[in-house]
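Trainee: Sharing a structure here in structure tokens format.
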Amino acid sequence: MKYENPALLDQLASEYVLGTLSALARRRFERLMQHEPAAVAAVEKWQVELSDLTYLLPEEKPPARVWRDIEARAFRKRPASSRLHVAWTAFATLGFFGLLLTQFLTIPGVARPPSDLPLKVSFVNEADSEPLWVVSLDLDTGKLRTKAISASAEAADKAYELWMLPNEGNPRSLGLLPVNGATNESTFSPALLELIQNSQGLAVSIEPSGGSPTGVPTGPVVYQSSLINL
Amino acid sequence: MIELESSKGSVELTATTEADLVLRIALRDRDAFQQFYDQTSPRIFALAIKMLRNRSAAEELLQDVYLKVWHSASLYREDKASANTWLVTIARNRAIDWLRAKDNQSERLDSIPELANEPQPLATMNNDSLEACLRQLEPEQRQSIFAAFFDGMTHVEIARHFREPIGTVKSRIRRGLKTLQGCLGL
């Protein structure tokens with residue numbers, strides 16, 4: 001098979017997603033996907049294209065026992081040795097909005113492909129527990145995504161800015177945080193990623209719209225956190 | 001552990017999109033997990049019953065799918081696919097593996113998928129284009145694609161079912177998918 005032929009790859013990807021390949025051919029294509037990003041991309045495209053066919057089926061409510069079993073199995077304690085936990089311990093600078101930052105990230109076990117390493121952090125308002133933002137960092141691509149879940153603009157001429165607190169030196173800006181359901185995305189260099197991983201934590205400050213004019217926080221820091229390895 | 005307790009039934013919670021719920025599940029939000037299950041499981045259960053033709057196997061599959069959702073939500077990439085695409089992919093992959101592993105193919109060849117001739121009205125507003133595109137397919141193309149998607153049939157099984165050479169079935173599905181792709185503009 002000449003997998004470098006894009007048309008053939010696309011055809012195989014469509015057959016893989018549709019499910020027409022035999023068990024053997026299916027496994028062979030899955031092996032190809034492990035080292036061929038073009039195959040993964042083609043599969044993802046076909047998954048997007050075909051998955052909505054599911055809406056054609058009349059819905060069927062599962063019996064209540066299914067959820068009970070899922071709950072029992074999902075919330076059972078997992079052995080600690082199978083997972084590496086890195087927790088962001090939160091320290092809220094209360095008094096500005098009375099907001100509390102809660103962060104948590106879990107890195108699943110070794111079976112996970114290296115390309116799937118998003119570190120996720122949530123910023124939570126204590127009053128209603130609706131996350132303000134979800135921040136995810138992909139250590140492989142250096143991509144930082146910040147998504148506003150319930151955060152809204154503080155004022156028309158103000159912006160929230162996310163900072164990383166390195167072990168030494170001044171805070172480094174990680175960009176402005178979005179508001180009103182928007183998502184921001186930026187990509188960081190491996191050197192900065194390493195700084196983030198070894199940093200003391202993150203902070204959020206309120207800055208003029210467009211961000212801090214000086215490169216360091218100028219407004220009130222409304223959240224601060226430290227990173228602890230457990 | 002993170003505390004993301006929300007008051008159940010709040011307006012904000014019910015208005016949350018499925019993608020937002022998956023983000024919150026990644027943060028171990030149990031309420032979000034239950035809401036996601038309530039919203040999506042009737043769709044996935046229907047798919048599982050259709051593919052496996054066995055209710056108790058479909059219930060088991062549903063459990064496996066949502067346990068995977070709970071443990072792997074952090075792997076979901078909102079920028080690559082909708083939460084529905086992600087969920088359906090998990091469910092279909094499990095179902096296909098189950099079907100391939102089980103040596104019970106012959107009984108599943110008895111009937112053509114019921115949907116093949118008349119696609120039902122779609123449940124979501126966003127899929128008008130998909131429905132219109134499905135109508136552009138020749139009936140045989142649609143039947144073959146549905147037999148694969150909903151019944152998990154391989155090329156060989158579809159060929160046997162329609163009593164046609166495998167090459168005919170392959171190229172029919174290929175042409176059908178091309179039409180679908182062109183029509184959906186993907």
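By order in the structure tokens, chains are A, B, ...; within a chain, residues start at 1; ligands start at 1, following the order shown.
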How close does each residue of chain A get to chain B, giving the shortest atom pair and distance in Å to one decimal for every residue with an atom at most 6 Å away, counting only C-alpha atoms, sorted by chain and residue number, as a tab-separated table?
Mentor:
residue	atom	partner	partner_atom	distance
A:Leu18	CA	B:Phe149	CA	5.4
A:Gly19	CA	B:Gly152	CA	5.9
A:Thr20	CA	B:Thr154	CA	3.8
A:Leu21	CA	B:Thr154	CA	5.6
A:Ala23	CA	B:Arg100	CA	5.9
A:Val48	CA	B:Thr85	CA	5.8
A:Ser51	CA	B:Thr85	CA	5.2
A:Tyr55	CA	B:Ala123	CA	5.7
A:Leu56	CA	B:Leu122	CA	5.4
A:Glu59	CA	B:Pro42	CA	4.9
A:Glu60	CA	B:Pro42	CA	4.6
A:Lys61	CA	B:Pro42	CA	4.4
A:Ile70	CA	B:Gln63	CA	5.5
A:Ala74	CA	B:Leu67	CA	6.0
A:Asp116	CA	B:Leu75	CA	5.9
A:Ser129	CA	B:Leu4	CA	5.5
Trainee: Put those residues in a file: N, CA and C atoms, as a PDB file, in the first residue's frame.
Mentor:
ATOM      1  N   LEU A  18     -16.126   5.005   8.605  1.00  0.00           N
ATOM      2  CA  LEU A  18     -17.433   4.418   8.298  1.00  0.00           C
ATOM      3  C   LEU A  18     -17.548   3.023   8.912  1.00  0.00           C
ATOM      4  N   GLY A  19     -16.418   2.327   9.005  1.00  0.00           N
ATOM      5  CA  GLY A  19     -16.405   1.017   9.665  1.00  0.00           C
ATOM      6  C   GLY A  19     -16.470  -0.154   8.714  1.00  0.00           C
ATOM      7  N   THR A  20     -16.121   0.067   7.448  1.00  0.00           N
ATOM      8  CA  THR A  20     -16.257  -1.021   6.473  1.00  0.00           C
ATOM      9  C   THR A  20     -15.011  -1.904   6.384  1.00  0.00           C
ATOM     10  N   LEU A  21     -13.936  -1.505   7.053  1.00  0.00           N
ATOM     11  CA  LEU A  21     -12.711  -2.318   6.991  1.00  0.00           C
ATOM     12  C   LEU A  21     -12.862  -3.567   7.858  1.00  0.00           C
ATOM     13  N   ALA A  23     -11.518  -6.493  10.497  1.00  0.00           N
ATOM     14  CA  ALA A  23     -10.796  -6.296  11.763  1.00  0.00           C
ATOM     15  C   ALA A  23      -9.302  -6.139  11.505  1.00  0.00           C
ATOM     16  N   VAL A  48     -15.817  14.165  11.740  1.00  0.00           N
ATOM     17  CA  VAL A  48     -16.660  15.356  11.793  1.00  0.00           C
ATOM     18  C   VAL A  48     -17.792  15.231  10.777  1.00  0.00           C
ATOM     19  N   SER A  51     -20.335  11.944  11.850  1.00  0.00           N
ATOM     20  CA  SER A  51     -20.886  11.667  13.186  1.00  0.00           C
ATOM     21  C   SER A  51     -22.320  12.178  13.362  1.00  0.00           C
ATOM     22  N   TYR A  55     -27.846  11.689  14.537  1.00  0.00           N
ATOM     23  CA  TYR A  55     -29.078  12.431  14.844  1.00  0.00           C
ATOM     24  C   TYR A  55     -30.295  11.886  14.072  1.00  0.00           C
ATOM     25  N   LEU A  56     -30.041  11.038  13.084  1.00  0.00           N
ATOM     26  CA  LEU A  56     -31.156  10.463  12.331  1.00  0.00           C
ATOM     27  C   LEU A  56     -31.965   9.477  13.176  1.00  0.00           C
ATOM     28  N   GLU A  59     -34.289   8.997  19.467  1.00  0.00           N
ATOM     29  CA  GLU A  59     -33.575   8.783  20.723  1.00  0.00           C
ATOM     30  C   GLU A  59     -34.234   7.695  21.560  1.00  0.00           C
ATOM     31  N   GLU A  60     -33.437   7.057  22.388  1.00  0.00           N
ATOM     32  CA  GLU A  60     -33.926   5.953  23.231  1.00  0.00           C
ATOM     33  C   GLU A  60     -33.331   6.134  24.624  1.00  0.00           C
ATOM     34  N   LYS A  61     -34.207   6.400  25.586  1.00  0.00           N
ATOM     35  CA  LYS A  61     -33.697   6.676  26.929  1.00  0.00           C
ATOM     36  C   LYS A  61     -33.229   5.370  27.580  1.00  0.00           C
ATOM     37  N   ILE A  70     -22.681   3.396  36.084  1.00  0.00           N
ATOM     38  CA  ILE A  70     -21.609   4.299  35.637  1.00  0.00           C
ATOM     39  C   ILE A  70     -21.101   5.109  36.821  1.00  0.00           C
ATOM     40  N   ALA A  74     -17.393   5.075  38.065  1.00  0.00           N
ATOM     41  CA  ALA A  74     -16.587   6.273  37.767  1.00  0.00           C
ATOM     42  C   ALA A  74     -16.034   6.911  39.035  1.00  0.00           C
ATOM     43  N   ASP A 116      -1.325  14.197  23.474  1.00  0.00           N
ATOM     44  CA  ASP A 116      -2.526  14.575  24.211  1.00  0.00           C
ATOM     45  C   ASP A 116      -2.183  14.895  25.649  1.00  0.00           C
ATOM     46  N   SER A 129     -19.928  28.989  41.838  1.00  0.00           N
ATOM     47  CA  SER A 129     -19.156  27.832  41.399  1.00  0.00           C
ATOM     48  C   SER A 129     -19.164  27.611  39.892  1.00  0.00           C
TER      49      SER A 129
END
Trainee: What is the distance, in Å and to one decimal place, between atom CA of A:Ile206 and atom CA of A:Pro166?
Mentor: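 It comes out at 19.3 Å.
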Trainee: Could you jot down the atom CA of A:Pro6 to atom CA of A:Leu24 separation for me, Å, one decimal place?
Mentor: 21.6 Å
Trainee: At what distance in Å, to one decimal, does atom CA of B:Arg163 lie from atom CA of A:Glu49?
Mentor: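 Interatomic distance, atom CA of A:Glu49 to atom CA of B:Arg163: 28.4 Å.
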Trainee: With only C-alpha atoms as the basis for distance, which of A:Pro213, A:Pro37, A:Gly142, A:Pro62 is at the shortest distance from A:Ser186?
Mentor: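 Distance minimum relative to A:Ser186 lands on A:Gly142.
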Trainee: Might you pull out every residue within 12 Å of A:Gly211, with only C-alpha atoms counted and same-chain residues fewer than 4 positions away left off, and present them as a list in words?
Mentor: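 The residues satisfying every condition are Asp157, Lys158, Ala159, Tyr160, Glu161, Leu162, Trp163, Ser173, Leu174, Gly175, Leu176, Leu177, Pro178, Val204, Ser205, Ile206, Glu207, Gly215, Val216, Pro217, Thr218 and Gly219 of chain A.
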Trainee: Can you list every residue in stretch 27-93 of chain B that DSSP puts in alpha helix (DSSP H), as a PyMOL selection string?
Mentor: chain B and resi 30-52+55-72+83-93
Trainee: What does the file look like for those residues with N, CA and C atoms, as a compact mmCIF listing (two decimals), in the first residue's frame?
Mentor:
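Final output, selection-v9.txt:
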# COMPACT_ATOMS: atom_id res chain seq x y z
N ARG B 30 -18.81 16.56 38.73
CA ARG B 30 -19.77 15.45 38.64
C ARG B 30 -21.13 15.88 38.13
N ASP B 31 -21.54 17.10 38.50
CA ASP B 31 -22.83 17.60 38.00
C ASP B 31 -22.79 17.74 36.48
N ALA B 32 -21.66 18.25 35.99
CA ALA B 32 -21.52 18.40 34.53
C ALA B 32 -21.57 17.03 33.86
N PHE B 33 -20.96 16.03 34.50
CA PHE B 33 -20.95 14.67 33.95
C PHE B 33 -22.37 14.12 33.86
N GLN B 34 -23.13 14.31 34.93
CA GLN B 34 -24.50 13.80 34.92
C GLN B 34 -25.34 14.54 33.86
N GLN B 35 -25.13 15.85 33.79
CA GLN B 35 -25.91 16.61 32.80
C GLN B 35 -25.56 16.17 31.38
N PHE B 36 -24.26 15.95 31.15
CA PHE B 36 -23.82 15.50 29.83
C PHE B 36 -24.43 14.13 29.50
N TYR B 37 -24.46 13.25 30.51
CA TYR B 37 -25.06 11.93 30.31
C TYR B 37 -26.54 12.06 29.99
N ASP B 38 -27.25 12.87 30.79
CA ASP B 38 -28.69 13.03 30.58
C ASP B 38 -28.99 13.56 29.18
N GLN B 39 -28.15 14.49 28.75
CA GLN B 39 -28.39 15.13 27.45
C GLN B 39 -28.06 14.22 26.27
N THR B 40 -27.00 13.43 26.43
CA THR B 40 -26.48 12.72 25.25
C THR B 40 -26.78 11.21 25.23
N SER B 41 -27.05 10.62 26.41
CA SER B 41 -27.15 9.15 26.42
C SER B 41 -28.31 8.60 25.58
N PRO B 42 -29.47 9.30 25.47
CA PRO B 42 -30.52 8.73 24.61
C PRO B 42 -30.08 8.60 23.14
N ARG B 43 -29.23 9.53 22.72
CA ARG B 43 -28.70 9.49 21.34
C ARG B 43 -27.72 8.33 21.18
N ILE B 44 -26.84 8.18 22.17
CA ILE B 44 -25.80 7.14 22.08
C ILE B 44 -26.40 5.76 22.32
N PHE B 45 -27.41 5.68 23.19
CA PHE B 45 -28.07 4.40 23.44
C PHE B 45 -28.79 3.93 22.17
N ALA B 46 -29.44 4.86 21.48
CA ALA B 46 -30.12 4.51 20.22
C ALA B 46 -29.11 3.96 19.22
N LEU B 47 -27.95 4.61 19.15
CA LEU B 47 -26.90 4.17 18.23
C LEU B 47 -26.39 2.77 18.62
N ALA B 48 -26.20 2.58 19.91
CA ALA B 48 -25.66 1.29 20.38
C ALA B 48 -26.65 0.16 20.10
N ILE B 49 -27.94 0.41 20.33
CA ILE B 49 -28.95 -0.63 20.06
C ILE B 49 -28.98 -0.95 18.57
N LYS B 50 -28.91 0.10 17.77
CA LYS B 50 -28.97 -0.09 16.32
C LYS B 50 -27.78 -0.92 15.84
N MET B 51 -26.60 -0.59 16.36
CA MET B 51 -25.40 -1.27 15.89
C MET B 51 -25.29 -2.69 16.43
N LEU B 52 -25.58 -2.87 17.72
CA LEU B 52 -25.35 -4.17 18.35
C LEU B 52 -26.57 -5.08 18.28
N ARG B 55 -29.98 -5.32 23.44
CA ARG B 55 -30.15 -4.24 24.44
C ARG B 55 -29.16 -4.34 25.59
N SER B 56 -28.90 -5.58 26.05
CA SER B 56 -28.03 -5.66 27.22
C SER B 56 -26.59 -5.35 26.81
N ALA B 57 -26.20 -5.74 25.60
CA ALA B 57 -24.86 -5.37 25.13
C ALA B 57 -24.78 -3.85 24.94
N ALA B 58 -25.89 -3.24 24.51
CA ALA B 58 -25.92 -1.79 24.31
C ALA B 58 -25.77 -1.06 25.65
N GLU B 59 -26.39 -1.63 26.71
CA GLU B 59 -26.25 -1.02 28.04
C GLU B 59 -24.81 -1.09 28.52
N GLU B 60 -24.17 -2.24 28.27
CA GLU B 60 -22.76 -2.38 28.66
C GLU B 60 -21.89 -1.40 27.90
N LEU B 61 -22.19 -1.29 26.62
CA LEU B 61 -21.41 -0.36 25.79
C LEU B 61 -21.56 1.08 26.30
N LEU B 62 -22.78 1.42 26.68
CA LEU B 62 -23.03 2.77 27.18
C LEU B 62 -22.19 3.05 28.44
N GLN B 63 -22.13 2.05 29.30
CA GLN B 63 -21.29 2.20 30.51
C GLN B 63 -19.83 2.45 30.13
N ASP B 64 -19.32 1.63 29.22
CA ASP B 64 -17.91 1.78 28.81
C ASP B 64 -17.66 3.15 28.21
N VAL B 65 -18.61 3.60 27.38
CA VAL B 65 -18.43 4.88 26.69
C VAL B 65 -18.36 6.02 27.70
N TYR B 66 -19.28 6.04 28.68
CA TYR B 66 -19.31 7.17 29.61
C TYR B 66 -18.19 7.09 30.65
N LEU B 67 -17.72 5.88 30.94
CA LEU B 67 -16.54 5.80 31.81
C LEU B 67 -15.34 6.38 31.09
N LYS B 68 -15.28 6.12 29.79
CA LYS B 68 -14.18 6.70 29.01
C LYS B 68 -14.31 8.23 28.99
N VAL B 69 -15.54 8.70 28.85
CA VAL B 69 -15.77 10.15 28.87
C VAL B 69 -15.25 10.73 30.20
N TRP B 70 -15.60 10.08 31.29
CA TRP B 70 -15.21 10.58 32.62
C TRP B 70 -13.68 10.61 32.77
N HIS B 71 -13.04 9.54 32.31
CA HIS B 71 -11.59 9.45 32.53
C HIS B 71 -10.77 10.14 31.46
N SER B 72 -11.35 10.40 30.30
CA SER B 72 -10.54 10.95 29.20
C SER B 72 -11.03 12.30 28.70
N ALA B 83 -18.49 18.12 20.56
CA ALA B 83 -18.58 17.10 21.60
C ALA B 83 -19.33 15.88 21.06
N ASN B 84 -20.32 16.12 20.18
CA ASN B 84 -21.05 14.99 19.60
C ASN B 84 -20.13 14.10 18.76
N THR B 85 -19.27 14.73 17.95
CA THR B 85 -18.34 13.96 17.13
C THR B 85 -17.43 13.12 18.02
N TRP B 86 -16.92 13.74 19.07
CA TRP B 86 -16.01 13.04 19.98
C TRP B 86 -16.71 11.84 20.63
N LEU B 87 -17.93 12.08 21.09
CA LEU B 87 -18.69 11.04 21.79
C LEU B 87 -19.10 9.91 20.84
N VAL B 88 -19.59 10.28 19.67
CA VAL B 88 -20.01 9.27 18.70
C VAL B 88 -18.82 8.43 18.26
N THR B 89 -17.66 9.07 18.13
CA THR B 89 -16.46 8.34 17.72
C THR B 89 -16.09 7.30 18.78
N ILE B 90 -16.14 7.70 20.04
CA ILE B 90 -15.84 6.74 21.12
C ILE B 90 -16.83 5.56 21.04
N ALA B 91 -18.12 5.90 20.90
CA ALA B 91 -19.16 4.86 20.92
C ALA B 91 -19.04 3.93 19.71
N ARG B 92 -18.84 4.51 18.52
CA ARG B 92 -18.79 3.66 17.32
C ARG B 92 -17.54 2.79 17.32
N ASN B 93 -16.41 3.35 17.77
CA ASN B 93 -15.19 2.53 17.81
C ASN B 93 -15.38 1.32 18.72
Trainee: Write out as a short mmCIF file (atom, residue, chain, number, x, y, z; two decimals) with C-alpha atoms, in the first residue's frame which residues come within 9 Å of A:Val179 when counting only C-alpha atoms, dropping same-chain ones fewer than 4 positions away.
Mentor:
data_model
loop_
_atom_site.label_atom_id
_atom_site.label_comp_id
_atom_site.auth_asym_id
_atom_site.auth_seq_id
_atom_site.Cartn_x
_atom_site.Cartn_y
_atom_site.Cartn_z
CA LEU A 132 -14.95 31.79 34.99
CA TRP A 133 -12.30 30.48 32.62
CA LYS A 147 -11.85 29.94 27.27
CA ALA A 148 -14.25 32.20 29.08
CA ILE A 149 -17.06 30.12 30.57
CA SER A 150 -18.82 32.69 32.69
CA ALA A 151 -16.30 35.55 32.86
CA SER A 152 -17.54 38.90 31.67
CA ALA A 153 -15.69 42.17 31.21
CA ALA A 159 -8.94 43.63 30.73
CA TYR A 160 -7.91 40.51 32.64
CA THR A 183 -11.62 31.64 23.34
#
Trainee: As JSON, numbers by chain, please: the residues near A:Asn5 (cut-off 12 Å, only C-alpha atoms, same-chain neighbours under 6 positions excluded).
Mentor: {"A": [11, 12, 38, 39]}
Trainee: Residues within 10 Å of A:Glu4, please, as a PDB file with N, CA and C atoms, in the first residue's frame. Count only C-alpha atoms; anything in the same chain fewer than 3 positions from it doesn't count.
Mentor:
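Result written to result20.pdb:
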ATOM      1  N   MET A   1       0.832  -1.206   0.000  1.00  0.00           N
ATOM      2  CA  MET A   1       0.000   0.000   0.000  1.00  0.00           C
ATOM      3  C   MET A   1       0.864   1.252   0.000  1.00  0.00           C
ATOM      4  N   ALA A   7      -4.885  10.670  -1.863  1.00  0.00           N
ATOM      5  CA  ALA A   7      -6.238  10.223  -2.222  1.00  0.00           C
ATOM      6  C   ALA A   7      -6.535   8.859  -1.603  1.00  0.00           C
ATOM      7  N   LEU A   8      -5.522   7.981  -1.644  1.00  0.00           N
ATOM      8  CA  LEU A   8      -5.706   6.649  -1.069  1.00  0.00           C
ATOM      9  C   LEU A   8      -5.856   6.734   0.456  1.00  0.00           C
ATOM     10  N   LEU A   9      -5.041   7.600   1.052  1.00  0.00           N
ATOM     11  CA  LEU A   9      -5.105   7.785   2.501  1.00  0.00           C
ATOM     12  C   LEU A   9      -6.494   8.286   2.910  1.00  0.00           C
ATOM     13  N   GLU A  36       1.594   8.455  11.421  1.00  0.00           N
ATOM     14  CA  GLU A  36       1.297   9.208  10.208  1.00  0.00           C
ATOM     15  C   GLU A  36       0.248  10.299  10.522  1.00  0.00           C
ATOM     16  N   ALA A  38      -0.909  12.628   8.791  1.00  0.00           N
ATOM     17  CA  ALA A  38      -1.877  12.857   7.711  1.00  0.00           C
ATOM     18  C   ALA A  38      -3.054  11.892   7.826  1.00  0.00           C
ATOM     19  N   ALA A  39      -2.757  10.671   8.281  1.00  0.00           N
ATOM     20  CA  ALA A  39      -3.835   9.684   8.451  1.00  0.00           C
ATOM     21  C   ALA A  39      -4.765  10.122   9.583  1.00  0.00           C
TER      22      ALA A  39
END
